[in-house]
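Q: One structure coming up, written as C-alpha coordinates, with questions to follow.
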Amino acid sequence: MVIRTEKLYDLLLDHFGHQHWWPVDHTYHKTQESDPRFEIIVGAILTQNTAWSNVEKALDSLKQHRALTIESIASMKPQVLKNLIQPSGFFNQKAHRLKTISSYLLGEYQANLSLFFSRDMATVRTELLGLNGIGPETADSILLYAGDKPVFVIDAYTRRISRRLPFPVSWDSYDELQQFFEHTLQKKYPANHLVPVYKELHALIVKLAKTSCRTVPSCDNCPLRRSCQKML
DNA sequence: ACCCAGGCGCATG
DNA sequence: CATGCGCATGGG
(Lines give C-alpha, C1' and ligand atoms only; values in the text may rest on other atoms or scores of the structure.)
Protein backbone atom coordinates (compact mmCIF):
# COMPACT_ATOMS: atom_id res chain seq x y z
CA MET A 1 0.00 0.00 0.00
CA VAL A 2 1.61 3.16 -1.18
CA ILE A 3 0.26 6.66 -0.83
CA ARG A 4 1.05 9.11 -3.59
CA THR A 5 2.38 12.48 -2.66
CA GLU A 6 0.97 14.12 -5.78
CA LYS A 7 -2.49 13.01 -4.71
CA LEU A 8 -1.85 14.45 -1.31
CA TYR A 9 -1.07 17.74 -3.04
CA ASP A 10 -4.23 17.66 -5.15
CA LEU A 11 -6.38 16.78 -2.15
CA LEU A 12 -4.98 19.44 0.12
CA LEU A 13 -5.05 22.16 -2.54
CA ASP A 14 -8.63 21.30 -3.35
CA HIS A 15 -9.61 21.30 0.31
CA PHE A 16 -7.70 24.30 1.66
CA GLY A 17 -6.83 26.39 -1.42
CA HIS A 18 -3.63 28.39 -1.85
CA GLN A 19 -1.93 29.38 1.36
CA HIS A 20 -0.06 32.48 0.12
CA TRP A 21 3.06 31.99 2.12
CA TRP A 22 6.12 33.97 1.20
CA PRO A 23 5.74 35.94 -2.05
CA VAL A 24 5.93 33.81 -5.15
CA ASP A 25 6.82 36.81 -7.29
CA HIS A 26 10.23 38.21 -6.49
CA THR A 27 9.84 41.34 -8.60
CA TYR A 28 12.15 43.69 -6.82
CA HIS A 29 11.78 47.40 -7.47
CA LYS A 30 14.32 49.82 -6.16
CA THR A 31 11.49 51.85 -4.75
CA GLN A 32 11.06 49.02 -2.31
CA GLU A 33 12.90 49.39 0.95
CA SER A 34 14.02 45.78 1.31
CA ASP A 35 14.79 42.81 -0.91
CA PRO A 36 11.99 40.26 -0.48
CA ARG A 37 14.55 37.47 -0.64
CA PHE A 38 16.32 38.85 2.39
CA GLU A 39 13.03 39.31 4.17
CA ILE A 40 12.40 35.60 3.63
CA ILE A 41 15.83 34.72 5.00
CA VAL A 42 15.18 36.80 8.12
CA GLY A 43 11.68 35.34 8.47
CA ALA A 44 13.03 31.80 8.18
CA ILE A 45 15.31 32.40 11.16
CA LEU A 46 12.79 34.34 13.23
CA THR A 47 10.11 31.68 12.84
CA GLN A 48 12.18 28.89 14.37
CA ASN A 49 9.83 27.30 16.92
CA THR A 50 7.81 30.51 16.93
CA ALA A 51 4.29 31.48 15.85
CA TRP A 52 4.27 33.39 12.56
CA SER A 53 2.09 36.15 14.07
CA ASN A 54 4.99 37.01 16.38
CA VAL A 55 7.45 36.96 13.49
CA GLU A 56 5.32 39.49 11.59
CA LYS A 57 5.61 41.93 14.46
CA ALA A 58 9.37 41.66 14.38
CA LEU A 59 9.52 42.03 10.59
CA ASP A 60 7.27 45.09 10.72
CA SER A 61 9.45 46.58 13.40
CA LEU A 62 12.57 46.04 11.29
CA LYS A 63 10.87 47.57 8.26
CA GLN A 64 9.66 50.62 10.14
CA HIS A 65 13.21 51.29 11.25
CA ARG A 66 14.46 50.67 7.69
CA ALA A 67 16.63 47.96 9.17
CA LEU A 68 15.61 45.02 7.00
CA THR A 69 18.74 44.99 4.85
CA ILE A 70 21.91 42.94 4.94
CA GLU A 71 24.10 45.97 5.52
CA SER A 72 21.89 47.34 8.26
CA ILE A 73 21.69 44.13 10.28
CA ALA A 74 25.37 43.40 9.80
CA SER A 75 26.37 46.75 11.24
CA MET A 76 23.68 47.19 13.88
CA LYS A 77 24.53 47.04 17.55
CA PRO A 78 23.36 43.69 18.97
CA GLN A 79 21.22 45.32 21.65
CA VAL A 80 19.38 47.44 19.09
CA LEU A 81 18.65 44.40 16.96
CA LYS A 82 17.43 42.45 19.99
CA ASN A 83 14.99 45.24 20.80
CA LEU A 84 13.65 45.34 17.24
CA ILE A 85 13.01 41.59 17.01
CA GLN A 86 11.93 41.19 20.63
CA PRO A 87 8.33 40.05 19.90
CA SER A 88 9.54 37.02 17.96
CA GLY A 89 11.06 35.46 21.09
CA PHE A 90 14.47 33.84 21.57
CA PHE A 91 15.81 37.26 20.63
CA ASN A 92 19.30 36.76 22.04
CA GLN A 93 20.02 33.74 19.86
CA LYS A 94 18.14 35.08 16.88
CA ALA A 95 19.90 38.44 16.91
CA HIS A 96 23.20 36.59 16.84
CA ARG A 97 22.03 34.32 14.03
CA LEU A 98 20.79 37.24 11.94
CA LYS A 99 24.08 39.06 12.35
CA THR A 100 26.01 35.89 11.47
CA ILE A 101 24.27 35.34 8.13
CA SER A 102 24.14 39.05 7.28
CA SER A 103 27.86 39.49 7.90
CA TYR A 104 28.49 36.37 5.86
CA LEU A 105 26.44 37.59 2.89
CA LEU A 106 28.08 41.00 3.08
CA GLY A 107 31.63 39.76 3.52
CA GLU A 108 31.59 36.86 1.06
CA TYR A 109 29.05 38.03 -1.53
CA GLN A 110 29.00 41.83 -1.22
CA ALA A 111 25.37 41.55 -0.10
CA ASN A 112 24.51 40.30 -3.59
CA LEU A 113 21.84 37.62 -3.15
CA SER A 114 21.66 36.88 -6.87
CA LEU A 115 25.34 36.03 -6.76
CA PHE A 116 24.88 33.99 -3.61
CA PHE A 117 22.06 31.90 -5.08
CA SER A 118 23.56 31.62 -8.58
CA ARG A 119 25.79 28.71 -7.65
CA ASP A 120 25.26 24.99 -7.38
CA MET A 121 22.34 24.20 -5.08
CA ALA A 122 24.18 21.62 -2.97
CA THR A 123 27.06 24.04 -2.47
CA VAL A 124 24.77 26.80 -1.25
CA ARG A 125 23.04 24.36 1.09
CA THR A 126 26.33 23.22 2.61
CA GLU A 127 27.39 26.82 3.15
CA LEU A 128 24.12 27.67 4.87
CA LEU A 129 24.36 24.63 7.13
CA GLY A 130 27.80 25.79 8.22
CA LEU A 131 26.41 29.02 9.67
CA ASN A 132 25.34 29.23 13.30
CA GLY A 133 21.59 28.85 13.67
CA ILE A 134 20.93 27.40 10.22
CA GLY A 135 19.81 23.76 10.36
CA PRO A 136 18.28 21.61 7.62
CA GLU A 137 14.82 23.12 7.71
CA THR A 138 15.93 26.73 7.79
CA ALA A 139 18.48 26.10 5.03
CA ASP A 140 15.91 24.41 2.82
CA SER A 141 13.29 27.11 3.48
CA ILE A 142 15.80 29.72 2.36
CA LEU A 143 16.76 27.69 -0.73
CA LEU A 144 13.14 27.08 -1.76
CA TYR A 145 11.32 30.29 -0.85
CA ALA A 146 14.12 32.85 -1.28
CA GLY A 147 16.32 31.13 -3.86
CA ASP A 148 13.62 29.37 -5.87
CA LYS A 149 15.60 26.13 -5.68
CA PRO A 150 13.71 22.82 -6.05
CA VAL A 151 14.17 21.58 -2.47
CA PHE A 152 11.31 20.14 -0.44
CA VAL A 153 11.17 21.37 3.16
CA ILE A 154 10.64 18.86 5.98
CA ASP A 155 9.39 20.13 9.32
CA ALA A 156 7.84 18.78 12.48
CA TYR A 157 4.40 18.80 10.85
CA THR A 158 5.56 16.85 7.82
CA ARG A 159 7.03 14.23 10.12
CA ARG A 160 3.84 14.02 12.15
CA ILE A 161 1.71 13.62 9.05
CA SER A 162 4.13 11.13 7.55
CA ARG A 163 4.01 9.04 10.69
CA ARG A 164 0.28 8.55 10.14
CA LEU A 165 0.33 8.01 6.41
CA PRO A 166 1.64 4.76 4.97
CA PHE A 167 4.76 6.24 3.44
CA PRO A 168 7.38 3.58 2.71
CA VAL A 169 10.12 5.47 4.56
CA SER A 170 11.20 6.03 8.13
CA TRP A 171 9.52 9.26 9.15
CA ASP A 172 12.21 10.35 11.56
CA SER A 173 14.99 10.77 9.01
CA TYR A 174 15.05 14.26 7.48
CA ASP A 175 17.02 13.25 4.41
CA GLU A 176 15.06 10.09 3.74
CA LEU A 177 11.70 11.83 4.02
CA GLN A 178 12.90 14.67 1.81
CA GLN A 179 14.18 12.26 -0.85
CA PHE A 180 10.85 10.45 -0.80
CA PHE A 181 8.82 13.62 -1.40
CA GLU A 182 11.18 14.90 -4.06
CA HIS A 183 11.45 11.64 -5.97
CA THR A 184 7.72 11.00 -6.04
CA LEU A 185 6.82 14.56 -7.01
CA GLN A 186 9.50 14.64 -9.71
CA LYS A 187 7.78 11.75 -11.42
CA LYS A 188 4.56 13.70 -11.87
CA TYR A 189 5.62 17.30 -12.38
CA PRO A 190 8.00 18.72 -14.99
CA ALA A 191 11.18 20.22 -13.59
CA ASN A 192 10.06 23.80 -14.18
CA HIS A 193 6.92 23.30 -12.07
CA LEU A 194 8.57 21.74 -9.04
CA VAL A 195 9.39 24.95 -7.19
CA PRO A 196 5.80 26.26 -6.96
CA VAL A 197 4.55 22.76 -6.12
CA TYR A 198 7.12 22.34 -3.34
CA LYS A 199 6.27 25.78 -1.95
CA GLU A 200 2.55 25.17 -1.91
CA LEU A 201 2.62 21.58 -0.66
CA HIS A 202 4.79 22.42 2.32
CA ALA A 203 2.44 25.25 3.28
CA LEU A 204 -0.58 22.97 2.80
CA ILE A 205 0.90 20.29 5.05
CA VAL A 206 1.38 22.90 7.76
CA LYS A 207 -2.24 23.94 7.30
CA LEU A 208 -3.46 20.36 7.52
CA ALA A 209 -1.43 19.65 10.63
CA LYS A 210 -2.73 22.77 12.35
CA THR A 211 -6.38 22.27 11.49
CA SER A 212 -6.88 18.52 11.67
CA CYS A 213 -4.01 16.33 12.63
CA ARG A 214 -3.08 18.47 15.60
CA THR A 215 -6.32 18.03 17.45
CA VAL A 216 -7.18 14.41 16.78
CA PRO A 217 -5.30 11.55 18.35
CA SER A 218 -5.43 9.36 15.29
CA CYS A 219 -6.55 9.30 11.67
CA ASP A 220 -9.74 7.54 12.74
CA ASN A 221 -11.37 10.82 13.75
CA CYS A 222 -9.77 13.06 11.16
CA PRO A 223 -12.26 15.05 9.05
CA LEU A 224 -10.11 14.33 6.02
CA ARG A 225 -10.15 10.61 6.61
CA ARG A 226 -12.41 9.77 3.67
CA SER A 227 -10.41 11.96 1.35
CA CYS A 228 -7.22 10.47 2.64
CA GLN A 229 -8.40 7.02 1.71
CA LYS A 230 -8.75 8.11 -1.90
CA MET A 231 -5.02 8.52 -1.95
CA LEU A 232 -4.36 4.92 -1.10
C1' DA B 1 -2.67 28.27 34.64
C1' DC B 2 -1.34 25.60 30.94
C1' DC B 3 0.11 24.45 25.81
C1' DC B 4 1.98 25.56 21.60
C1' DA B 5 4.47 27.86 17.59
C1' DG B 6 6.83 27.31 9.92
C1' DG B 7 14.21 24.69 15.14
C1' DC B 8 18.78 24.69 16.55
C1' DG B 9 23.03 24.07 19.38
C1' DC B 10 24.96 21.93 22.93
C1' DA B 11 25.50 18.62 26.78
C1' DT B 12 24.95 14.05 28.15
C1' DG B 13 24.85 8.64 28.17
C1' DC C 1 24.04 8.02 17.52
C1' DA C 2 20.08 9.64 20.04
C1' DT C 3 17.63 11.91 23.34
C1' DG C 4 17.03 16.11 26.57
C1' DC C 5 17.13 20.83 27.55
C1' DG C 6 17.28 25.95 27.17
C1' DC C 7 15.97 29.60 24.50
C1' DA C 8 11.22 33.87 25.13
C1' DT C 9 7.21 35.80 23.27
C1' DG C 10 2.09 36.21 22.48
C1' DG C 11 -2.37 33.88 21.54
C1' DG C 12 -5.72 30.20 22.49
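Identifiers in the C-alpha coordinates: chain A, B, ... in order shown; residue index from 1 per chain; ligand index from 1 in order shown.
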Taking only stretch 55-146 of chain A into account, list the residues labelled helix (DSSP H, G or I) by DSSP (computed from the backbone), as a ChimeraX atom specification.
A: /A:55-64,70-75,78-88,91-109,113-117,121-129,136-146
Q: Starting from chain C, keep only residues with some atom at most 6 Å from an atom of chain A, counting only C-alpha atoms (C1' of nucleotides), and report them as a list in words.
A: DC7, DA8 and DT9 of chain C
Q: Take the residues just selected and output them with N, CA and C atoms (P, O5', C5', C4', C3', O3' and C1' of nucleotides) as an mmCIF file, in the first residue's frame.
A:
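Wrote it out as part_7.cif, contents follow:
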data_model
loop_
_atom_site.group_PDB
_atom_site.id
_atom_site.type_symbol
_atom_site.label_atom_id
_atom_site.label_comp_id
_atom_site.auth_asym_id
_atom_site.auth_seq_id
_atom_site.Cartn_x
_atom_site.Cartn_y
_atom_site.Cartn_z
ATOM 1 P P DC C 7 17.451 29.530 29.512
ATOM 2 O "O5'" DC C 7 17.174 30.101 28.048
ATOM 3 C "C5'" DC C 7 18.266 30.242 27.128
ATOM 4 C "C4'" DC C 7 17.707 30.462 25.753
ATOM 5 C "C3'" DC C 7 16.600 31.521 25.682
ATOM 6 O "O3'" DC C 7 16.927 32.434 24.655
ATOM 7 C "C1'" DC C 7 15.972 29.600 24.504
ATOM 8 P P DA C 8 16.747 33.919 24.843
ATOM 9 O "O5'" DA C 8 15.152 33.984 24.821
ATOM 10 C "C5'" DA C 8 14.429 34.492 25.902
ATOM 11 C "C4'" DA C 8 13.178 35.123 25.348
ATOM 12 C "C3'" DA C 8 12.181 35.599 26.401
ATOM 13 O "O3'" DA C 8 11.496 36.703 25.845
ATOM 14 C "C1'" DA C 8 11.221 33.870 25.130
ATOM 15 P P DT C 9 10.547 37.616 26.701
ATOM 16 O "O5'" DT C 9 9.372 37.972 25.686
ATOM 17 C "C5'" DT C 9 9.666 38.206 24.315
ATOM 18 C "C4'" DT C 9 8.520 37.699 23.460
ATOM 19 C "C3'" DT C 9 7.148 38.096 24.003
ATOM 20 O "O3'" DT C 9 6.593 39.069 23.146
ATOM 21 C "C1'" DT C 9 7.212 35.804 23.270
#
Q: Provide as a VMD selection string the residues of chain A at most 7 Å from chain B, counting only C-alpha atoms (C1' of nucleotides).
A: chain A and resid 47 to 51 133 135
Q: Restricting it to N, CA and C atoms, dump the selection as a PDB file, in the first residue's frame.
A:
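Output file part07.pdb is given in full below:
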ATOM      1  N   THR A  47      11.251  32.561  12.599  1.00  0.00           N
ATOM      2  CA  THR A  47      10.112  31.680  12.838  1.00  0.00           C
ATOM      3  C   THR A  47      10.504  30.343  13.451  1.00  0.00           C
ATOM      4  N   GLN A  48      11.761  30.158  13.763  1.00  0.00           N
ATOM      5  CA  GLN A  48      12.177  28.887  14.372  1.00  0.00           C
ATOM      6  C   GLN A  48      11.441  28.669  15.690  1.00  0.00           C
ATOM      7  N   ASN A  49      10.638  27.642  15.736  1.00  0.00           N
ATOM      8  CA  ASN A  49       9.829  27.297  16.915  1.00  0.00           C
ATOM      9  C   ASN A  49       9.056  28.504  17.454  1.00  0.00           C
ATOM     10  N   THR A  50       8.489  29.279  16.551  1.00  0.00           N
ATOM     11  CA  THR A  50       7.814  30.515  16.932  1.00  0.00           C
ATOM     12  C   THR A  50       6.596  30.738  16.037  1.00  0.00           C
ATOM     13  N   ALA A  51       5.507  31.197  16.617  1.00  0.00           N
ATOM     14  CA  ALA A  51       4.293  31.478  15.847  1.00  0.00           C
ATOM     15  C   ALA A  51       4.551  32.592  14.836  1.00  0.00           C
ATOM     16  N   GLY A 133      23.031  28.612  13.650  1.00  0.00           N
ATOM     17  CA  GLY A 133      21.592  28.848  13.671  1.00  0.00           C
ATOM     18  C   GLY A 133      20.869  28.416  12.421  1.00  0.00           C
ATOM     19  N   GLY A 135      19.889  25.223  10.445  1.00  0.00           N
ATOM     20  CA  GLY A 135      19.813  23.764  10.360  1.00  0.00           C
ATOM     21  C   GLY A 135      19.158  23.377   9.053  1.00  0.00           C
TER      22      GLY A 135
END
Q: Which value, in Å to one decimal, gives the distance between atom CA of A:Leu144 and atom CA of A:Lys199?
A: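 Atom-to-atom, atom CA of A:Leu144 and atom CA of A:Lys199 are spaced 7.0 Å apart.
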Q: Do you have the atom CA of A:Lys77-atom CA of A:Ser103 distance handy?
A: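 Atom-to-atom, atom CA of A:Lys77 to atom CA of A:Ser103, that is 12.7 Å.
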